[in-house]
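Here the structure is laid out as structure tokens; the discussion comes afterwards.
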Amino acid sequence: MAKGTSAGIQPASVLRGIAELHGAHWLWIADLSKPEQLPVRILPLLMIATQLLVTKVTPSPAGADPRMARIMTLMPLVFGIVLYQQPSALMLYWVTSNLLQLAQQLWLGRRYA
């Protein structure tokens, strides 16, 4: 392996190296290549909340294991803890993706229910 590489690529290391994100701001976020500079980071909390909502609105397959449902309910919390220090760009992407998934599930639920 070359010097400075590892077996796993950390998403933060890739995002922190993108020149276009350095100094790029969006609403309250001063630099998208760094975590939010607030005492309590809003985007990871939004990510947890939206991911929980997506989990609740997504129908379970027939015969799904109840233990797996509990694990899937805990996953947003685990992701929130693991990704709390990640750049704001990643959190913003994740929240946007969750919101689009939520809208899609609500639309499909109304259309085909």
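Just so we're on the same page: first chain in the structure tokens is A, next is B, and so on; residues restart at 1 for each chain, and ligands are numbered from 1 in the order they show up.
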
* Filtered DSSP result for chain A, state alpha helix (DSSP H), as a PyMOL selection string -> chain A and resi 11-16+42-57+66-82+88-112

* Using only C-alpha atoms, which residue out of A:Ala89, A:Ile29, A:Val95, A:Ala64 lies closest to Ile48 of chain A? ->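 Counting only C-alpha atoms, the residue closest to Ile48 of chain A is A:Val95.
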
Could you name the residues that touch segment 66-83 of chain A at 8 Å or less, counting only C-alpha atoms, but leaving out those on the same chain fewer than 5 positions away, as an mmCIF file with C-alpha atoms, in the first residue's frame?
data_model
loop_
_atom_site.group_PDB
_atom_site.id
_atom_site.type_symbol
_atom_site.label_atom_id
_atom_site.label_comp_id
_atom_site.auth_asym_id
_atom_site.auth_seq_id
_atom_site.Cartn_x
_atom_site.Cartn_y
_atom_site.Cartn_z
ATOM 1 C CA PRO A 44 -27.000 15.014 12.393
ATOM 2 C CA LEU A 45 -30.133 15.414 14.518
ATOM 3 C CA MET A 47 -30.615 13.029 9.776
ATOM 4 C CA ILE A 48 -31.659 10.850 12.722
ATOM 5 C CA ALA A 49 -35.197 12.260 12.751
ATOM 6 C CA GLN A 51 -34.293 8.457 8.892
ATOM 7 C CA LEU A 52 -36.618 7.386 11.728
ATOM 8 C CA THR A 55 -38.277 3.752 8.684
ATOM 9 C CA MET A 91 -24.998 15.376 6.490
#

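For Ala24 of chain A, the list of residues within 12 Å, based on only C-alpha atoms and with local chain neighbours fewer than 4 positions off taken out, reads Arg16, Ile18, Ala19, Glu20, Trp28, Ile29, Ala30, Asp31, Leu32, Ser33, Lys34, Pro87, Ser88 and Ala89 of chain A.
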
Using C-alpha atoms, can you write the selected residues to a file as a compact mmCIF listing (two decimals), in the first residue's frame?
# COMPACT_ATOMS: atom_id res chain seq x y z
CA ARG A 16 -12.42 17.39 3.27
CA ILE A 18 -12.63 18.59 -2.26
CA ALA A 19 -11.58 22.17 -2.98
CA GLU A 20 -15.07 23.30 -4.02
CA TRP A 28 -26.08 28.67 8.80
CA ILE A 29 -23.20 26.42 7.70
CA ALA A 30 -20.01 28.42 7.16
CA ASP A 31 -17.93 25.63 5.56
CA LEU A 32 -19.43 22.50 3.99
CA SER A 33 -16.11 20.65 4.26
CA LYS A 34 -16.26 20.78 8.08
CA PRO A 87 -18.51 17.24 7.18
CA SER A 88 -21.73 19.19 6.79
CA ALA A 89 -21.87 18.35 3.07

* To do: In Å, rounded to a single decimal, give me how far atom CA of Lys56 of chain A is from atom CA of Leu43 of chain A.
  =>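 Computing the Euclidean distance for atom CA of Leu43 of chain A and atom CA of Lys56 of chain A yields 19.8 Å.
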
* **Shell around Gln101 of chain A at 12 Å using only C-alpha atoms, local window under 4 positions removed, as a ChimeraX atom specification** => /A:50-58,94-97,105-109

* Counting only C-alpha atoms, figure out which residue out of A:Leu27, A:Leu46, A:Leu21, A:Arg41 gets nearest to Asn98 of chain A. =>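 Among the listed residues, the smallest separation from Asn98 of chain A belongs to A:Leu46.
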
* Can you work out the spacing between atom CA of Leu38 of chain A and atom CA of Leu92 of chain A in Å, to one decimal? =>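 Going from atom CA of Leu38 of chain A over to atom CA of Leu92 of chain A, I get 15.0 Å.
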
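The nearest approach to Tyr84 of chain A among the residues A:Ala113, A:Val40, A:Ala103, A:Ala62, with only C-alpha atoms taken into account, belongs to A:Val40.
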
* **Computed interatomic separation between atom CA of Gln85 of chain A and atom CA of Pro35 of chain A (Å)** => 5.9 Å
